[in-house]
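As stored in model01.cif (mmCIF, C-alpha atoms and all ligand atoms):
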data_coords
#
loop_
_atom_site.label_atom_id
_atom_site.label_comp_id
_atom_site.auth_asym_id
_atom_site.auth_seq_id
_atom_site.Cartn_x
_atom_site.Cartn_y
_atom_site.Cartn_z
CA MET B 1 94.98 129.01 110.01
CA LYS B 2 95.35 130.53 106.56
CA PHE B 3 95.35 128.19 103.58
CA LYS B 4 97.58 129.36 100.80
CA ASN B 5 96.98 127.41 97.66
CA THR B 6 99.98 127.04 95.38
CA HIS B 7 97.92 125.65 92.50
CA LYS B 8 95.89 127.66 90.03
CA ASP B 9 92.14 127.27 90.41
CA ASN B 10 91.67 125.18 87.28
CA GLU B 11 94.32 122.75 88.51
CA ILE B 12 92.49 121.80 91.65
CA THR B 13 90.92 118.41 92.07
CA ASP B 14 88.29 118.81 94.73
CA GLU B 15 88.96 116.37 97.57
CA SER B 16 85.52 114.76 97.37
CA VAL B 17 86.01 114.27 93.62
CA TYR B 18 89.42 112.82 94.38
CA LYS B 19 87.99 110.41 96.94
CA SER B 20 85.27 109.20 94.61
CA ARG B 21 87.85 108.76 91.85
CA ARG B 22 89.89 106.72 94.28
CA LYS B 23 86.94 104.45 94.96
CA LEU B 24 86.42 104.00 91.22
CA LEU B 25 90.11 103.32 90.78
CA GLN B 26 90.04 100.71 93.51
CA ALA B 27 87.14 99.09 91.76
CA GLY B 28 89.10 99.25 88.50
CA LEU B 29 86.40 101.37 86.87
CA ILE B 30 88.57 104.18 85.56
CA GLY B 31 92.19 104.44 84.53
CA SER B 32 94.59 106.40 86.67
CA ALA B 33 94.99 108.99 83.90
CA GLY B 34 91.89 110.76 85.17
CA ILE B 35 93.55 111.73 88.39
CA LEU B 36 96.36 113.58 86.72
CA SER B 37 94.44 115.30 83.95
CA SER B 38 94.28 118.42 86.12
CA THR B 39 98.07 118.87 86.09
CA SER B 40 98.53 118.76 82.35
CA SER B 41 99.00 122.53 82.01
CA LEU B 42 101.99 122.60 84.33
CA ALA B 43 105.57 122.87 83.09
CA LEU B 44 106.66 119.57 84.64
CA THR B 45 103.96 117.15 83.59
CA LEU B 46 103.92 114.04 85.67
CA PRO B 47 103.31 110.78 83.82
CA LYS B 48 100.36 108.62 84.90
CA PRO B 49 100.90 106.93 88.25
CA LYS B 50 100.00 103.29 88.75
CA HIS B 51 97.58 102.90 91.62
CA ASN B 52 99.07 100.42 94.09
CA ALA B 53 96.11 98.60 95.65
CA LYS B 54 98.39 96.99 98.25
CA PHE B 55 98.75 100.32 100.01
CA VAL B 56 95.24 101.62 100.55
CA ILE B 57 93.94 102.93 103.88
CA ASP B 58 90.56 104.49 104.44
CA GLU B 59 90.08 107.56 106.64
CA LEU B 60 92.35 109.80 104.63
CA THR B 61 93.49 113.01 106.26
CA THR B 62 91.82 115.92 104.48
CA GLU B 63 93.98 117.54 101.83
CA LYS B 64 93.51 120.85 103.62
CA ASP B 65 95.00 119.55 106.88
CA ALA B 66 97.86 117.75 105.12
CA THR B 67 98.81 120.96 103.27
CA THR B 68 98.35 123.53 106.06
CA TYR B 69 99.65 121.68 109.14
CA ASN B 70 103.30 121.14 108.23
CA ASN B 71 106.86 121.00 109.49
CA PHE B 72 109.29 122.74 107.16
CA TYR B 73 111.61 124.73 109.40
CA GLU B 74 113.27 126.53 106.49
CA PHE B 75 110.09 128.65 106.41
CA GLY B 76 109.37 128.99 110.13
CA LEU B 77 108.62 126.99 113.23
CA SER B 78 104.82 127.18 113.28
CA LYS B 79 102.67 124.59 111.57
CA SER B 80 101.09 127.26 109.35
CA ALA B 81 104.37 128.98 108.28
CA PRO B 82 105.18 126.55 105.42
CA SER B 83 101.80 126.95 103.69
CA GLU B 84 101.93 130.72 104.21
CA LYS B 85 105.53 131.27 103.11
CA ALA B 86 106.78 128.45 100.86
CA GLY B 87 104.64 129.38 97.84
CA THR B 88 107.38 131.50 96.26
CA MET B 89 110.06 128.78 96.33
CA GLN B 90 111.24 128.08 92.75
CA THR B 91 110.84 124.37 92.04
CA GLU B 92 111.20 124.32 88.26
CA PRO B 93 113.60 123.52 86.73
CA TRP B 94 114.97 121.16 89.41
CA THR B 95 118.08 119.03 89.33
CA VAL B 96 119.36 116.48 91.81
CA ASP B 97 123.13 116.24 92.21
CA ILE B 98 124.29 112.64 92.51
CA GLY B 99 127.67 111.76 93.94
CA GLY B 100 129.78 109.80 96.37
CA LEU B 101 130.42 106.06 95.99
CA CYS B 102 128.53 105.41 92.74
CA ALA B 103 129.19 105.28 89.01
CA GLN B 104 126.52 107.82 88.02
CA GLN B 105 127.88 111.26 88.95
CA GLY B 106 126.56 114.79 88.52
CA PRO B 107 123.25 116.60 88.10
CA VAL B 108 120.14 114.81 86.82
CA ASP B 109 116.93 116.60 85.81
CA LEU B 110 113.94 115.70 87.93
CA GLU B 111 111.95 115.21 84.73
CA LYS B 112 114.33 112.45 83.70
CA LEU B 113 113.59 110.65 86.96
CA THR B 114 109.81 111.03 86.74
CA THR B 115 109.76 109.79 83.16
CA ASN B 116 112.28 106.97 83.62
CA PHE B 117 110.72 105.39 86.70
CA GLN B 118 107.18 104.09 87.17
CA LEU B 119 105.14 106.52 89.26
CA GLU B 120 102.86 104.89 91.80
CA GLU B 121 100.10 106.16 94.00
CA ARG B 122 100.18 104.73 97.53
CA VAL B 123 98.29 105.65 100.67
CA TYR B 124 100.58 105.60 103.72
CA ARG B 125 100.28 106.45 107.39
CA MET B 126 102.66 109.21 108.47
CA ARG B 127 103.59 109.37 112.17
CA CYS B 128 105.44 112.47 113.35
CA VAL B 129 107.83 112.13 116.29
CA GLU B 130 105.69 114.83 117.95
CA ALA B 131 102.92 112.18 118.27
CA TRP B 132 100.45 113.35 115.63
CA SER B 133 99.73 111.35 112.50
CA MET B 134 98.05 111.59 109.11
CA VAL B 135 97.01 109.26 106.28
CA ILE B 136 98.12 110.64 102.92
CA PRO B 137 97.86 109.48 99.29
CA TRP B 138 101.38 110.03 97.91
CA MET B 139 102.60 109.75 94.35
CA GLY B 140 106.18 108.82 93.64
CA PHE B 141 108.72 106.30 92.43
CA LYS B 142 110.67 103.73 94.40
CA LEU B 143 113.97 105.00 95.81
CA ALA B 144 115.27 101.52 94.86
CA ASP B 145 114.83 102.45 91.16
CA LEU B 146 116.89 105.59 91.63
CA VAL B 147 119.59 103.74 93.60
CA LYS B 148 119.94 101.17 90.78
CA PHE B 149 120.18 104.01 88.25
CA CYS B 150 123.06 105.53 90.28
CA LYS B 151 125.03 102.23 90.22
CA PRO B 152 126.43 102.33 93.77
CA LEU B 153 129.83 100.75 94.41
CA SER B 154 129.98 97.75 96.76
CA SER B 155 131.57 100.04 99.37
CA ALA B 156 128.39 102.18 99.51
CA LYS B 157 126.51 101.34 102.71
CA TYR B 158 124.35 104.45 103.22
CA VAL B 159 122.41 106.96 101.13
CA TYR B 160 122.60 110.59 102.21
CA PHE B 161 120.19 113.40 101.21
CA GLU B 162 120.28 117.18 101.40
CA THR B 163 117.56 119.82 101.08
CA LEU B 164 118.04 122.97 99.00
CA HIS B 165 120.19 125.57 100.78
CA ASP B 166 119.10 129.00 99.59
CA PRO B 167 118.47 131.57 102.35
CA LYS B 168 117.00 133.99 99.77
CA GLN B 169 114.17 131.55 99.16
CA MET B 170 114.12 129.90 102.57
CA PRO B 171 114.14 132.79 105.02
CA ARG B 172 114.81 130.83 108.20
CA GLN B 173 118.08 129.50 106.79
CA ASN B 174 119.47 132.95 107.71
CA GLY B 175 119.58 131.82 111.29
CA GLY B 176 117.98 129.41 113.65
CA SER B 177 119.28 126.40 115.46
CA ILE B 178 119.42 123.86 112.62
CA PRO B 179 122.78 123.42 110.84
CA TRP B 180 121.54 124.01 107.29
CA PRO B 181 120.95 122.42 104.88
CA TYR B 182 118.54 119.86 106.37
CA ARG B 183 120.16 116.41 106.06
CA GLU B 184 118.96 112.83 106.24
CA GLY B 185 120.19 109.34 105.55
CA LEU B 186 119.19 105.71 105.21
CA ARG B 187 121.03 102.42 105.42
CA MET B 188 121.31 100.85 101.95
CA ASP B 189 118.80 98.07 102.70
CA GLU B 190 116.31 100.66 104.01
CA ALA B 191 116.78 102.66 100.81
CA MET B 192 116.16 99.53 98.72
CA ASN B 193 113.04 98.50 100.69
CA GLU B 194 109.95 98.43 98.52
CA LEU B 195 108.12 100.86 100.85
CA THR B 196 110.64 103.68 100.46
CA LEU B 197 109.37 106.31 98.04
CA MET B 198 110.72 109.42 96.36
CA VAL B 199 107.57 111.50 96.30
CA VAL B 200 106.56 114.07 93.68
CA GLY B 201 102.82 114.39 94.34
CA MET B 202 99.96 113.97 96.78
CA TYR B 203 96.16 113.87 96.47
CA GLY B 204 96.56 113.33 92.73
CA LYS B 205 98.48 116.58 92.15
CA LYS B 206 102.03 117.76 92.13
CA LEU B 207 103.52 118.16 95.59
CA PRO B 208 102.73 121.60 97.06
CA ASN B 209 105.82 123.57 98.12
CA GLN B 210 104.98 123.31 101.82
CA ASN B 211 105.04 119.50 101.58
CA GLY B 212 108.52 119.45 100.05
CA ALA B 213 108.15 120.12 96.33
CA PRO B 214 109.28 119.02 93.94
CA LEU B 215 110.92 115.90 95.40
CA ARG B 216 110.92 114.46 98.94
CA LEU B 217 111.53 111.20 100.71
CA ILE B 218 108.80 109.14 102.39
CA VAL B 219 109.78 106.25 104.67
CA PRO B 220 106.45 105.25 106.27
CA TRP B 221 107.79 103.04 109.08
CA LYS B 222 109.99 105.83 110.42
CA TYR B 223 109.13 109.08 112.18
CA GLY B 224 108.20 111.89 109.80
CA PHE B 225 111.47 113.80 110.22
CA LYS B 226 113.21 111.17 108.06
CA GLY B 227 111.02 112.43 105.17
CA ILE B 228 113.44 115.12 103.97
CA LYS B 229 111.88 117.72 101.67
CA SER B 230 112.98 119.56 98.50
CA ILE B 231 115.96 117.27 97.86
CA VAL B 232 118.84 118.61 95.73
CA LYS B 233 121.64 116.21 96.63
CA ILE B 234 122.01 112.44 96.98
CA LYS B 235 125.31 110.89 97.97
CA PHE B 236 126.43 107.30 98.56
CA LEU B 237 128.60 106.85 101.65
CA ASP B 238 130.50 104.09 103.42
CA ARG B 239 129.79 105.62 106.86
CA GLN B 240 126.55 106.41 108.65
CA PRO B 241 125.79 110.11 108.12
CA VAL B 242 124.56 112.42 110.88
CA ASN B 243 121.00 113.54 110.17
CA SER B 244 119.83 117.02 111.14
CA TRP B 245 117.79 116.09 114.20
CA GLN B 246 120.54 113.85 115.50
CA ALA B 247 122.96 116.78 115.12
CA ILE B 248 120.59 118.98 117.12
CA ALA B 249 119.80 116.54 119.97
CA ALA B 250 121.36 113.06 119.67
CA ASN B 251 119.80 111.92 122.97
CA GLU B 252 116.29 112.63 121.60
CA TYR B 253 116.47 111.82 117.87
CA GLY B 254 118.47 108.94 116.46
CA PHE B 255 119.56 107.87 112.99
CA TYR B 256 117.07 105.01 112.72
CA ALA B 257 113.93 106.81 113.99
CA ASN B 258 111.77 103.71 113.52
CA VAL B 259 108.26 104.27 114.87
CA ASN B 260 108.26 102.40 118.19
CA PRO B 261 105.49 102.73 120.81
CA ASN B 262 107.76 101.01 123.38
CA VAL B 263 110.57 103.58 123.28
CA ASP B 264 109.45 106.94 124.58
CA HIS B 265 110.92 110.25 123.56
CA PRO B 266 112.77 111.55 126.65
CA ARG B 267 110.11 114.26 127.01
CA TRP B 268 106.90 112.47 125.99
CA SER B 269 105.31 109.07 125.47
CA GLN B 270 105.26 107.48 122.02
CA ALA B 271 102.59 104.91 122.97
CA THR B 272 99.72 106.81 121.33
CA GLU B 273 99.20 109.40 118.62
CA ARG B 274 96.68 112.06 117.66
CA ARG B 275 95.33 111.07 114.25
CA ILE B 276 94.54 114.12 112.19
CA THR B 277 91.73 113.26 109.80
CA GLY B 278 90.13 116.65 109.25
CA GLY B 279 87.68 119.10 110.73
CA PHE B 280 88.37 119.85 114.38
CA SER B 281 91.74 118.10 114.27
CA LEU B 282 92.94 119.20 117.67
CA PHE B 283 90.08 117.30 119.25
CA ASN B 284 90.61 114.05 117.36
CA SER B 285 90.91 111.18 119.79
CA ARG B 286 94.19 109.39 120.35
CA ILE B 287 94.90 105.98 118.88
CA LYS B 288 97.57 103.43 119.72
CA THR B 289 100.83 103.79 117.86
CA GLN B 290 101.81 100.62 116.00
CA MET B 291 105.30 99.12 115.93
CA PHE B 292 106.99 100.25 112.70
CA ASN B 293 103.84 102.34 112.15
CA GLY B 294 102.04 99.15 111.11
CA TYR B 295 104.57 98.19 108.40
CA GLY B 296 106.42 95.47 110.36
CA ASP B 297 105.66 92.78 107.76
CA TYR B 298 107.74 94.73 105.25
CA VAL B 299 110.56 95.97 107.44
CA ALA B 300 110.98 94.11 110.77
CA ASP B 301 113.51 91.65 109.28
CA MET B 302 115.97 94.45 108.62
CA TYR B 303 116.34 95.08 112.35
CA LYS B 304 116.48 91.49 113.65
CA GLY B 305 118.92 91.20 116.55
CA MET B 306 119.27 94.96 116.96
CA ASP B 307 118.48 96.57 120.31
CA LEU B 308 115.80 99.00 119.13
CA ALA B 309 115.99 101.02 122.36
CA ARG B 310 119.68 101.64 121.75
CA TYR B 311 119.42 102.17 117.99
CA PHE B 312 116.42 104.47 118.16
N1 LIG B 401 112.50 118.48 105.55
C1 LIG B 401 113.09 119.69 105.62
N2 LIG B 401 113.91 120.06 104.65
N3 LIG B 401 112.87 120.55 106.66
C2 LIG B 401 112.04 120.21 107.70
O1 LIG B 401 111.87 121.02 108.63
N4 LIG B 401 110.58 118.50 108.68
C3 LIG B 401 110.42 117.06 108.82
C4 LIG B 401 110.13 116.37 107.48
N5 LIG B 401 111.01 116.88 106.45
C5 LIG B 401 111.40 118.93 107.67
C6 LIG B 401 111.64 118.10 106.54
C7 LIG B 401 109.37 116.70 109.78
S1 LIG B 401 109.76 116.96 111.42
C8 LIG B 401 108.18 116.13 109.40
S2 LIG B 401 107.09 115.54 110.56
C9 LIG B 401 107.80 116.05 107.99
O2 LIG B 401 108.77 116.62 107.12
C10 LIG B 401 106.49 116.76 107.79
O3 LIG B 401 106.02 116.59 106.49
P1 LIG B 401 104.65 117.29 106.05
O4 LIG B 401 104.77 118.74 106.39
O5 LIG B 401 104.50 117.04 104.59
O6 LIG B 401 103.56 116.64 106.86
#

Will you turn the file into C-alpha cells for me?
Ligand code: MTE
Amino acid sequence: MKFKNTHKDNEITDESVYKSRRKLLQAGLIGSAGILSSTSSLALTLPKPKHNAKFVIDELTTEKDATTYNNFYEFGLSKSAPSEKAGTMQTEPWTVDIGGLCAQQGPVDLEKLTTNFQLEERVYRMRCVEAWSMVIPWMGFKLADLVKFCKPLSSAKYVYFETLHDPKQMPRQNGGSIPWPYREGLRMDEAMNELTLMVVGMYGKKLPNQNGAPLRLIVPWKYGFKGIKSIVKIKFLDRQPVNSWQAIAANEYGFYANVNPNVDHPRWSQATERRITGGFSLFNSRIKTQMFNGYGDYVADMYKGMDLARYF
C-alpha cells in the first residue's frame, strides 16, 4: 500500500515524538502548543487545542494506518485510493454554507469557526460498519458550539450535512452508485451531545485530505459512515434527512447507525471487530464490539424506549 503524504517534510511530527508528547501532556508537563508548532507555516493556522484528558485511550492506531486505510468513495472504492488520489483536492480557502431553519444564513469561513470555538484534542474509538476499528487522536470543536452559533429555530429537529460536490476534484463523482454529494444527518440532541465533534486535525496536525480535510464530522458511538468528510453545507431541518448509505441500501444501513453488537448487518455479524493498531493489521486479533462503541454513559439516555433493532 502506497503512502502519499500530503504534508511537507518539515511539517511532520513523527508518531513516536507525538506519542511521547501525549504522555507529557497527560502528565501536564508541557503545554499543548508544542503539538501544533509544526503546522505554523500553513495558510490556515489552527489555534492551540485543549487536551481533553477525559477522552484518552492507549493503543493508538498508527498514524500510517489511519491515513492509508480509508473510506472516501469520491476517490475510489479501495482502501488505498483516498491516500493515493485525494492529495490534489483544494481545501483552502474553505467555506461552509449554513441554511435551513436557523437565523444564521450563508457562507462562513472555516477559519472563523476554528478561531471562534475552542479546539480540543480527544482520543476516540472509531468502529466502521465493515467491522474494523481504529483508535485515533482527533482535533476539533464541539458541533454543539457551531449549532448555537447558527441559532436554530425551535422547528429545527435535525442537522443535515453535505460533502463537496466537484467531479473535477473528486473523480468518482463522475459515476458510481452513490447519489452525490455524500449526505449525512443527526437528530438535534445527537448534534448537541458533548461527544460530537467537528474535526479539523488528527495526530496533532491538520486533517489529511484522505481523512476528510478540512472539516469532517466524528460521532464516536455511531458507525464510521456517519462521519461525513469535507463538509461544505450544513442545514437545519424539521424532517429526518435520508443519509447516503440509507439511500443506497435502507435494509442494511439506517439513519441512526449506533454501534450495536446485538444487531447484525444482514450480511455479517457485528458482535466483534478487527482492531487496527499498526504493523500487520490484517492479522490483528478480533475484539468484542461494545454497545454504543463504549460510549453508553454519554449517549444511552437519548435512545431510551426506542427499539434499537428497528431504528438501526
Ligand atoms: N465521507 C464521504 N464524503 N465519503 C465517504 O465515502 N466514508 C465514510 C466516512 N465518511 C465516506 C465519508 C465511511 S464508510 C467511514 S468508515 C469513514 O468515513 C472513514 O473515515 P477514515 O477514512 O478517516 O477512517

- Quick one: residues within 8 Å of (106.5, 102.4, 110.0) (file frame), counting only C-alpha atoms, please, as a ChimeraX atom specification. /B:125-127,219-223,258-259,290-296

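Each of B:Ile228, B:Gly212, B:Glu194, B:Thr277 was compared to Asp297 of chain B using only C-alpha atoms, and B:Glu194 turns out to be the nearest.
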
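Of note, atom C7 of ligand LIG 401 (chain B) and atom CA of Lys151 of chain B are spaced 28.9 Å apart.
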
May I have a table of the residues of chain B lying at most 7 Å from ligand LIG 401 (chain B), giving each one's closest pair of atoms and their distance in Å to one decimal, counting all atoms listed in the file, ordered by chain and ascending residue number, as a Markdown table?
| residue | atom | partner | partner_atom | distance |
| --- | --- | --- | --- | --- |
| B:Ala66 | CA | B:LIG401 | O6 | 6.1 |
| B:Tyr69 | CA | B:LIG401 | O4 | 6.5 |
| B:Asn70 | CA | B:LIG401 | O4 | 3.4 |
| B:Asn71 | CA | B:LIG401 | O4 | 4.4 |
| B:Phe72 | CA | B:LIG401 | O1 | 3.4 |
| B:Tyr73 | CA | B:LIG401 | O1 | 3.8 |
| B:Glu74 | CA | B:LIG401 | N3 | 6.0 |
| B:Cys128 | CA | B:LIG401 | S2 | 4.5 |
| B:Val129 | CA | B:LIG401 | S2 | 6.7 |
| B:Thr163 | CA | B:LIG401 | N2 | 5.1 |
| B:Tyr182 | CA | B:LIG401 | N2 | 4.9 |
| B:Gln210 | CA | B:LIG401 | O4 | 6.5 |
| B:Asn211 | CA | B:LIG401 | O5 | 3.9 |
| B:Gly212 | CA | B:LIG401 | O5 | 6.5 |
| B:Tyr223 | CA | B:LIG401 | S2 | 7.0 |
| B:Gly224 | CA | B:LIG401 | S2 | 3.9 |
| B:Phe225 | CA | B:LIG401 | C7 | 3.6 |
| B:Lys226 | CA | B:LIG401 | C4 | 6.1 |
| B:Gly227 | CA | B:LIG401 | N5 | 4.6 |
| B:Ile228 | CA | B:LIG401 | N1 | 3.8 |
| B:Lys229 | CA | B:LIG401 | N1 | 4.0 |
| B:Ser230 | CA | B:LIG401 | N2 | 6.2 |

- Excluding same-chain residues fewer than 4 positions from Ser244 of chain B, what lies within 8 Å of it counting only C-alpha atoms, as a ChimeraX atom specification? /B:178-179,182-184,248

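Rounded to one decimal, atom CA of Lys206 of chain B and atom CA of Tyr256 of chain B lie 28.5 Å from each other.
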
- Item | Contact residues around Leu46 of chain B with all atoms listed in the file at 7 Å, ignoring same-chain residues under 2 positions, as a PyMOL selection string | chain B and resi 44+48+114

- Query: What separation in Å, quoted to one decimal, exists between atom CA of Ala249 of chain B and atom CA of Tyr311 of chain B?
  - Reply: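 Straight-line distance from atom CA of Ala249 of chain B to atom CA of Tyr311 of chain B works out to 14.5 Å.
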
- Message: I'd like the neighbourhood of Leu110 of chain B as a PyMOL selection string, where a residue qualifies if any of its atoms comes within 7 Å (using only C-alpha atoms), though same-chain residues fewer than 6 positions away should be ignored.
- Response: chain B and resi 94-96

- Once you count all atoms listed in the file, which residues end up no further than 12 Å from (108.2, 108.9, 91.3) in the file's frame, shown as a ChimeraX atom specification? /B:46-50,110-122,138-146,196-202,206-207,214-218

- Option closest in space to Tyr158 of chain B, from B:Lys235, B:Lys288, B:His51, B:Lys205 [counting only C-alpha atoms]: B:Lys235
